[in-house]
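Shown here: start.csv, CSV, N, CA and C atoms.
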```csv
chain,number,residue,atom,x,y,z
J,1,ARG,N,-20.6,-23.4,20.8
J,1,ARG,CA,-19.5,-24.0,20.1
J,1,ARG,C,-19.9,-24.4,18.7
J,2,ARG,N,-19.1,-24.0,17.7
J,2,ARG,CA,-19.4,-24.3,16.3
J,2,ARG,C,-18.3,-25.1,15.7
J,3,ALA,N,-18.6,-25.7,14.6
J,3,ALA,CA,-17.6,-26.5,13.8
J,3,ALA,C,-17.6,-26.0,12.4
J,4,LEU,N,-16.4,-26.1,11.7
J,4,LEU,CA,-16.3,-25.8,10.3
J,4,LEU,C,-17.0,-26.8,9.5
J,5,LEU,N,-17.8,-26.3,8.5
J,5,LEU,CA,-18.5,-27.3,7.6
J,5,LEU,C,-17.5,-27.9,6.7
J,6,ALA,N,-17.8,-29.1,6.3
J,6,ALA,CA,-17.0,-29.8,5.3
J,6,ALA,C,-17.0,-29.0,4.0
J,7,PRO,N,-15.9,-29.0,3.2
J,7,PRO,CA,-15.9,-28.2,2.0
J,7,PRO,C,-17.0,-28.5,1.0
J,8,MET,N,-17.4,-29.8,1.0
J,8,MET,CA,-18.5,-30.2,0.1
J,8,MET,C,-19.8,-29.4,0.4
J,9,PHE,N,-20.1,-29.2,1.7
J,9,PHE,CA,-21.3,-28.5,2.1
J,9,PHE,C,-21.2,-27.0,1.8
J,10,VAL,N,-20.0,-26.5,2.0
J,10,VAL,CA,-19.8,-25.0,1.7
J,10,VAL,C,-20.0,-24.8,0.2
J,11,ALA,N,-19.4,-25.7,-0.6
J,11,ALA,CA,-19.5,-25.6,-2.0
J,11,ALA,C,-21.0,-25.7,-2.5
J,12,ARG,N,-21.7,-26.6,-1.9
J,12,ARG,CA,-23.1,-26.8,-2.3
J,12,ARG,C,-23.9,-25.6,-1.9
J,13,ALA,N,-23.7,-25.0,-0.7
J,13,ALA,CA,-24.4,-23.8,-0.3
J,13,ALA,C,-24.1,-22.7,-1.2
J,14,LEU,N,-22.9,-22.5,-1.6
J,14,LEU,CA,-22.5,-21.4,-2.5
J,14,LEU,C,-23.2,-21.6,-3.9
J,15,GLN,N,-23.2,-22.8,-4.3
J,15,GLN,CA,-23.9,-23.1,-5.6
J,15,GLN,C,-25.4,-22.7,-5.5
J,16,LEU,N,-26.0,-23.1,-4.4
J,16,LEU,CA,-27.5,-22.9,-4.3
J,16,LEU,C,-27.7,-21.4,-4.1
J,17,ALA,N,-26.8,-20.6,-3.6
J,17,ALA,CA,-27.0,-19.2,-3.5
J,17,ALA,C,-27.0,-18.5,-4.8
J,18,GLU,N,-26.4,-19.1,-5.8
J,18,GLU,CA,-26.4,-18.5,-7.2
J,18,GLU,C,-25.8,-17.1,-7.2
J,19,ILE,N,-24.7,-16.9,-6.5
J,19,ILE,CA,-24.1,-15.6,-6.4
J,19,ILE,C,-23.7,-15.1,-7.8
J,20,LYS,N,-24.0,-13.9,-8.1
J,20,LYS,CA,-23.6,-13.3,-9.4
J,20,LYS,C,-22.7,-12.1,-9.2
J,21,GLN,N,-21.9,-11.8,-10.3
J,21,GLN,CA,-21.0,-10.7,-10.3
J,21,GLN,C,-21.8,-9.5,-10.0
J,22,GLY,N,-21.3,-8.6,-9.2
J,22,GLY,CA,-22.0,-7.3,-8.9
J,22,GLY,C,-22.8,-7.4,-7.6
J,23,GLU,N,-23.0,-8.6,-7.1
J,23,GLU,CA,-23.8,-8.7,-5.9
J,23,GLU,C,-23.0,-8.6,-4.6
J,24,ARG,N,-23.7,-8.1,-3.6
J,24,ARG,CA,-23.1,-7.9,-2.2
J,24,ARG,C,-23.6,-9.1,-1.4
J,25,VAL,N,-22.6,-9.8,-0.7
J,25,VAL,CA,-22.9,-11.0,0.0
J,25,VAL,C,-22.6,-10.7,1.5
J,26,LEU,N,-23.5,-11.2,2.4
J,26,LEU,CA,-23.3,-11.2,3.8
J,26,LEU,C,-23.1,-12.7,4.2
J,27,ASP,N,-22.0,-13.0,4.8
J,27,ASP,CA,-21.7,-14.4,5.3
J,27,ASP,C,-21.9,-14.3,6.8
J,28,VAL,N,-23.0,-14.8,7.3
J,28,VAL,CA,-23.3,-14.8,8.7
J,28,VAL,C,-22.5,-16.0,9.4
J,29,ALA,N,-21.9,-15.7,10.6
J,29,ALA,CA,-21.1,-16.6,11.3
J,29,ALA,C,-19.9,-17.1,10.4
J,30,GLY,N,-19.2,-16.1,9.9
J,30,GLY,CA,-18.1,-16.3,8.9
J,30,GLY,C,-16.9,-17.0,9.4
J,31,GLY,N,-16.8,-17.2,10.7
J,31,GLY,CA,-15.6,-17.9,11.2
J,31,GLY,C,-14.3,-17.3,10.8
J,32,ALA,N,-13.4,-18.1,10.3
J,32,ALA,CA,-12.1,-17.7,9.9
J,32,ALA,C,-12.1,-17.2,8.5
J,33,GLY,N,-13.2,-17.2,7.8
J,33,GLY,CA,-13.3,-16.6,6.5
J,33,GLY,C,-13.3,-17.5,5.3
J,34,TYR,N,-13.3,-18.8,5.5
J,34,TYR,CA,-13.2,-19.8,4.4
J,34,TYR,C,-14.3,-19.6,3.4
J,35,SER,N,-15.6,-19.6,3.8
J,35,SER,CA,-16.7,-19.5,2.8
J,35,SER,C,-16.7,-18.1,2.2
J,36,ALA,N,-16.4,-17.1,3.0
J,36,ALA,CA,-16.4,-15.7,2.4
J,36,ALA,C,-15.3,-15.5,1.4
J,37,ALA,N,-14.1,-16.2,1.6
J,37,ALA,CA,-13.0,-16.1,0.6
J,37,ALA,C,-13.5,-16.7,-0.7
J,38,ILE,N,-14.2,-17.8,-0.7
J,38,ILE,CA,-14.7,-18.4,-1.9
J,38,ILE,C,-15.7,-17.5,-2.6
J,39,ALA,N,-16.6,-17.0,-1.8
J,39,ALA,CA,-17.7,-16.1,-2.3
J,39,ALA,C,-17.1,-14.8,-2.9
J,40,ALA,N,-16.0,-14.4,-2.3
J,40,ALA,CA,-15.4,-13.1,-2.8
J,40,ALA,C,-14.9,-13.3,-4.3
J,41,ARG,N,-14.6,-14.5,-4.7
J,41,ARG,CA,-14.3,-14.7,-6.1
J,41,ARG,C,-15.5,-14.7,-7.0
J,42,LEU,N,-16.7,-14.7,-6.5
J,42,LEU,CA,-17.9,-14.7,-7.3
J,42,LEU,C,-18.6,-13.4,-7.2
J,43,ALA,N,-18.5,-12.7,-6.1
J,43,ALA,CA,-19.4,-11.5,-5.9
J,43,ALA,C,-18.6,-10.2,-6.0
J,44,ALA,N,-19.3,-9.1,-6.0
J,44,ALA,CA,-18.6,-7.8,-6.0
J,44,ALA,C,-18.0,-7.5,-4.6
J,45,SER,N,-18.7,-7.9,-3.6
J,45,SER,CA,-18.2,-7.7,-2.2
J,45,SER,C,-18.8,-8.7,-1.3
J,46,VAL,N,-18.0,-9.1,-0.2
J,46,VAL,CA,-18.5,-10.0,0.8
J,46,VAL,C,-18.1,-9.4,2.2
J,47,THR,N,-19.1,-9.5,3.0
J,47,THR,CA,-18.9,-9.1,4.4
J,47,THR,C,-19.1,-10.4,5.3
J,48,ALA,N,-18.0,-10.8,6.0
J,48,ALA,CA,-18.1,-11.9,6.9
J,48,ALA,C,-18.4,-11.4,8.3
J,49,LEU,N,-19.6,-11.7,8.8
J,49,LEU,CA,-20.0,-11.2,10.1
J,49,LEU,C,-19.7,-12.3,11.1
J,50,GLU,N,-19.1,-11.9,12.2
J,50,GLU,CA,-18.7,-12.8,13.3
J,50,GLU,C,-18.8,-12.1,14.6
J,51,GLU,N,-19.2,-12.8,15.6
J,51,GLU,CA,-19.2,-12.3,17.0
J,51,GLU,C,-17.9,-12.4,17.7
J,52,ASP,N,-17.1,-13.4,17.4
J,52,ASP,CA,-15.8,-13.6,18.0
J,52,ASP,C,-14.7,-12.8,17.4
J,53,GLU,N,-14.1,-11.9,18.2
J,53,GLU,CA,-13.1,-11.0,17.7
J,53,GLU,C,-11.9,-11.8,17.1
J,54,ALA,N,-11.5,-12.9,17.7
J,54,ALA,CA,-10.4,-13.7,17.2
J,54,ALA,C,-10.7,-14.2,15.8
J,55,PHE,N,-11.9,-14.7,15.5
J,55,PHE,CA,-12.3,-15.1,14.2
J,55,PHE,C,-12.2,-13.9,13.2
J,56,VAL,N,-12.7,-12.7,13.7
J,56,VAL,CA,-12.7,-11.5,12.8
J,56,VAL,C,-11.2,-11.2,12.4
J,57,ALA,N,-10.3,-11.3,13.3
J,57,ALA,CA,-8.9,-11.0,13.1
J,57,ALA,C,-8.3,-12.1,12.1
J,58,ARG,N,-8.7,-13.4,12.3
J,58,ARG,CA,-8.1,-14.4,11.5
J,58,ARG,C,-8.7,-14.3,10.0
J,59,ALA,N,-9.9,-13.9,9.9
J,59,ALA,CA,-10.5,-13.8,8.6
J,59,ALA,C,-9.9,-12.6,7.9
J,60,ALA,N,-9.8,-11.5,8.6
J,60,ALA,CA,-9.2,-10.3,8.0
J,60,ALA,C,-7.8,-10.5,7.5
J,61,ALA,N,-7.0,-11.3,8.3
J,61,ALA,CA,-5.6,-11.6,7.9
J,61,ALA,C,-5.6,-12.5,6.7
J,62,ALA,N,-6.5,-13.5,6.6
J,62,ALA,CA,-6.6,-14.4,5.5
J,62,ALA,C,-7.0,-13.6,4.2
J,63,PHE,N,-8.0,-12.7,4.3
J,63,PHE,CA,-8.4,-11.9,3.2
J,63,PHE,C,-7.2,-11.1,2.6
J,64,ALA,N,-6.4,-10.5,3.6
J,64,ALA,CA,-5.3,-9.7,3.2
J,64,ALA,C,-4.2,-10.6,2.5
J,65,GLU,N,-4.0,-11.7,3.1
J,65,GLU,CA,-3.0,-12.6,2.5
J,65,GLU,C,-3.4,-13.1,1.1
J,66,LEU,N,-4.6,-13.3,0.9
J,66,LEU,CA,-5.1,-13.7,-0.4
J,66,LEU,C,-5.4,-12.6,-1.4
J,67,GLY,N,-5.2,-11.4,-0.9
J,67,GLY,CA,-5.4,-10.2,-1.8
J,67,GLY,C,-6.8,-10.0,-2.2
J,68,LEU,N,-7.7,-10.3,-1.2
J,68,LEU,CA,-9.2,-10.1,-1.5
J,68,LEU,C,-9.6,-8.7,-1.0
J,69,GLY,N,-9.5,-7.8,-1.8
J,69,GLY,CA,-9.9,-6.4,-1.4
J,69,GLY,C,-11.4,-6.2,-1.4
J,70,ASN,N,-12.1,-7.2,-1.8
J,70,ASN,CA,-13.6,-7.1,-1.8
J,70,ASN,C,-14.2,-7.9,-0.7
J,71,ALA,N,-13.4,-8.4,0.2
J,71,ALA,CA,-13.9,-9.1,1.4
J,71,ALA,C,-13.5,-8.4,2.7
J,72,ALA,N,-14.5,-8.3,3.6
J,72,ALA,CA,-14.2,-7.6,4.9
J,72,ALA,C,-14.8,-8.5,6.0
J,73,ALA,N,-14.0,-8.6,7.1
J,73,ALA,CA,-14.5,-9.3,8.3
J,73,ALA,C,-14.9,-8.2,9.3
J,74,VAL,N,-16.1,-8.4,9.8
J,74,VAL,CA,-16.6,-7.4,10.8
J,74,VAL,C,-17.2,-8.1,12.0
J,75,ARG,N,-17.1,-7.4,13.1
J,75,ARG,CA,-17.6,-8.0,14.4
J,75,ARG,C,-19.0,-7.4,14.5
J,76,GLY,N,-19.9,-8.3,14.9
J,76,GLY,CA,-21.3,-7.9,15.2
J,76,GLY,C,-22.1,-9.1,15.7
J,77,GLU,N,-23.3,-8.8,16.2
J,77,GLU,CA,-24.2,-9.9,16.7
J,77,GLU,C,-24.8,-10.6,15.5
J,78,LEU,N,-24.7,-11.9,15.5
J,78,LEU,CA,-25.1,-12.7,14.4
J,78,LEU,C,-26.6,-12.6,14.1
J,79,GLY,N,-27.4,-12.4,15.1
J,79,GLY,CA,-28.8,-12.3,14.9
J,79,GLY,C,-29.3,-10.9,14.5
J,80,ILE,N,-28.4,-9.9,14.5
J,80,ILE,CA,-28.7,-8.5,14.2
J,80,ILE,C,-28.1,-8.1,12.9
J,81,GLY,N,-26.9,-8.5,12.6
J,81,GLY,CA,-26.3,-8.1,11.4
J,81,GLY,C,-25.2,-7.0,11.7
J,82,PRO,N,-24.5,-6.6,10.7
J,82,PRO,CA,-23.4,-5.6,10.8
J,82,PRO,C,-24.0,-4.2,11.1
J,83,ALA,N,-23.3,-3.4,11.8
J,83,ALA,CA,-23.7,-2.0,12.0
J,83,ALA,C,-23.7,-1.3,10.7
J,84,GLY,N,-24.6,-0.3,10.6
J,84,GLY,CA,-24.6,0.5,9.4
J,84,GLY,C,-25.8,0.2,8.5
J,85,GLY,N,-26.5,-0.9,8.7
J,85,GLY,CA,-27.7,-1.1,8.0
J,85,GLY,C,-27.5,-1.3,6.5
J,86,GLU,N,-26.4,-1.9,6.1
J,86,GLU,CA,-26.1,-2.1,4.7
J,86,GLU,C,-27.2,-3.1,4.1
J,87,ALA,N,-27.4,-3.0,2.8
J,87,ALA,CA,-28.3,-3.9,2.1
J,87,ALA,C,-27.4,-4.9,1.4
J,88,PHE,N,-27.9,-6.2,1.4
J,88,PHE,CA,-27.1,-7.3,0.7
J,88,PHE,C,-28.0,-8.0,-0.2
J,89,ASP,N,-27.5,-8.5,-1.3
J,89,ASP,CA,-28.2,-9.3,-2.3
J,89,ASP,C,-28.3,-10.7,-1.9
J,90,VAL,N,-27.3,-11.3,-1.2
J,90,VAL,CA,-27.3,-12.7,-0.8
J,90,VAL,C,-26.9,-12.7,0.6
J,91,ILE,N,-27.6,-13.5,1.4
J,91,ILE,CA,-27.2,-13.7,2.8
J,91,ILE,C,-27.1,-15.2,3.1
```

Whole structure given in structure tokens:
Amino acid sequence: RRALLAPMFVARALQLAEIKQGERVLDVAGGAGYSAAIAARLAASVTALEEDEAFVARAAAAFAELGLGNAAAVRGELGIGPAGGEAFDVI
């Protein structure tokens, strides 16, 4: 069972990540896509990795509603990463 982090903690984590334009971000345990949606405004692309298919669907719908063409929600094991062996600049 997991809980959504308070916005203050998400903001601070994103600040510490120092995401730059052009970078590819992997958001592990992306949940419904809140932090990935914010990161998508900073990075070239964001992949929100989630084990729960319901969260993947919610995040994908949120990204579409927000017009975030550079954010994708994918299902995969959190400890392994997304299929395809992509390289990321920020995790």

(Q) Considering all atoms listed in the file, can you say which of J:Leu66, J:Ala43, J:Phe55, J:Val10 comes closest to Gly30 in chain J? (A)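 Under the stated criterion, the closest residue is J:Phe55.
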
(Q) To one decimal place in Å, what is the distance between CA of Gly81 in chain J and CA of Ala48 in chain J? (A)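 Separation between CA of Gly81 in chain J and CA of Ala48 in chain J: 10.1 Å.
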
**Q.** Selection near Ala59 in chain J, 6 Å with all atoms listed in the file, sequence-local residues under 5 positions removed, as a list in words
**A.** Gly31, Ala32, Gly33, Ala54, Ala64 and Ala73 of chain J

Q. Looking at J:Phe9, J:Glu51, J:Gln15, J:Ala36, which one is nearest to Glu77 in chain J, with distances taken over only N, CA and C atoms?
A.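 The closest residue to Glu77 in chain J is J:Glu51.
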
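Going from CA of Ala87 in chain J over to CA of Ala71 in chain J, you cover 15.3 Å.
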
Since the input has fewer atoms than a full residue there, write range 29-40 of chain J out with all heavy atoms, as a JSON list (two decimals), keeping the file's coordinate frame.
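Everything below was put into out_32.json:
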```json
[["chain", "number", "residue", "atom", "x", "y", "z"],
["J", 29, "ALA", "N", -21.90, -15.70, 10.60],
["J", 29, "ALA", "CA", -21.10, -16.60, 11.30],
["J", 29, "ALA", "C", -19.90, -17.10, 10.40],
["J", 29, "ALA", "O", -19.65, -18.24, 10.16],
["J", 29, "ALA", "CB", -21.86, -17.83, 11.78],
["J", 30, "GLY", "N", -19.20, -16.10, 9.90],
["J", 30, "GLY", "CA", -18.10, -16.30, 8.90],
["J", 30, "GLY", "C", -16.90, -17.00, 9.40],
["J", 30, "GLY", "O", -16.07, -17.41, 8.59],
["J", 31, "GLY", "N", -16.80, -17.20, 10.70],
["J", 31, "GLY", "CA", -15.60, -17.90, 11.20],
["J", 31, "GLY", "C", -14.30, -17.30, 10.80],
["J", 31, "GLY", "O", -14.16, -16.10, 10.81],
["J", 32, "ALA", "N", -13.40, -18.10, 10.30],
["J", 32, "ALA", "CA", -12.10, -17.70, 9.90],
["J", 32, "ALA", "C", -12.10, -17.20, 8.50],
["J", 32, "ALA", "O", -11.02, -16.86, 7.94],
["J", 32, "ALA", "CB", -11.05, -18.78, 10.12],
["J", 33, "GLY", "N", -13.20, -17.20, 7.80],
["J", 33, "GLY", "CA", -13.30, -16.60, 6.50],
["J", 33, "GLY", "C", -13.30, -17.50, 5.30],
["J", 33, "GLY", "O", -13.26, -17.04, 4.15],
["J", 34, "TYR", "N", -13.30, -18.80, 5.50],
["J", 34, "TYR", "CA", -13.20, -19.80, 4.40],
["J", 34, "TYR", "C", -14.30, -19.60, 3.40],
["J", 34, "TYR", "O", -14.01, -19.39, 2.19],
["J", 34, "TYR", "CB", -13.29, -21.20, 5.01],
["J", 34, "TYR", "CG", -13.31, -22.30, 3.98],
["J", 34, "TYR", "CD1", -12.17, -22.62, 3.27],
["J", 34, "TYR", "CD2", -14.47, -23.03, 3.74],
["J", 34, "TYR", "CE1", -12.18, -23.63, 2.32],
["J", 34, "TYR", "CE2", -14.49, -24.05, 2.79],
["J", 34, "TYR", "CZ", -13.34, -24.34, 2.09],
["J", 34, "TYR", "OH", -13.37, -25.33, 1.16],
["J", 35, "SER", "N", -15.60, -19.60, 3.80],
["J", 35, "SER", "CA", -16.70, -19.50, 2.80],
["J", 35, "SER", "C", -16.70, -18.10, 2.20],
["J", 35, "SER", "O", -17.01, -17.90, 1.00],
["J", 35, "SER", "CB", -18.00, -19.85, 3.39],
["J", 35, "SER", "OG", -18.27, -19.08, 4.54],
["J", 36, "ALA", "N", -16.40, -17.10, 3.00],
["J", 36, "ALA", "CA", -16.40, -15.70, 2.40],
["J", 36, "ALA", "C", -15.30, -15.50, 1.40],
["J", 36, "ALA", "O", -15.47, -14.81, 0.41],
["J", 36, "ALA", "CB", -16.19, -14.69, 3.58],
["J", 37, "ALA", "N", -14.10, -16.20, 1.60],
["J", 37, "ALA", "CA", -13.00, -16.10, 0.60],
["J", 37, "ALA", "C", -13.50, -16.70, -0.70],
["J", 37, "ALA", "O", -13.15, -16.12, -1.77],
["J", 37, "ALA", "CB", -11.80, -16.76, 1.17],
["J", 38, "ILE", "N", -14.20, -17.80, -0.70],
["J", 38, "ILE", "CA", -14.70, -18.40, -1.90],
["J", 38, "ILE", "C", -15.70, -17.50, -2.60],
["J", 38, "ILE", "O", -15.66, -17.22, -3.75],
["J", 38, "ILE", "CB", -15.23, -19.78, -1.63],
["J", 38, "ILE", "CG1", -14.13, -20.71, -1.11],
["J", 38, "ILE", "CG2", -15.86, -20.36, -2.90],
["J", 38, "ILE", "CD1", -14.63, -22.01, -0.57],
["J", 39, "ALA", "N", -16.60, -17.00, -1.80],
["J", 39, "ALA", "CA", -17.70, -16.10, -2.30],
["J", 39, "ALA", "C", -17.10, -14.80, -2.90],
["J", 39, "ALA", "O", -17.66, -14.29, -3.84],
["J", 39, "ALA", "CB", -18.71, -15.78, -1.19],
["J", 40, "ALA", "N", -16.00, -14.40, -2.30],
["J", 40, "ALA", "CA", -15.40, -13.10, -2.80],
["J", 40, "ALA", "C", -14.90, -13.30, -4.30],
["J", 40, "ALA", "O", -14.81, -12.29, -5.01],
["J", 40, "ALA", "CB", -14.22, -12.73, -1.95]]
```
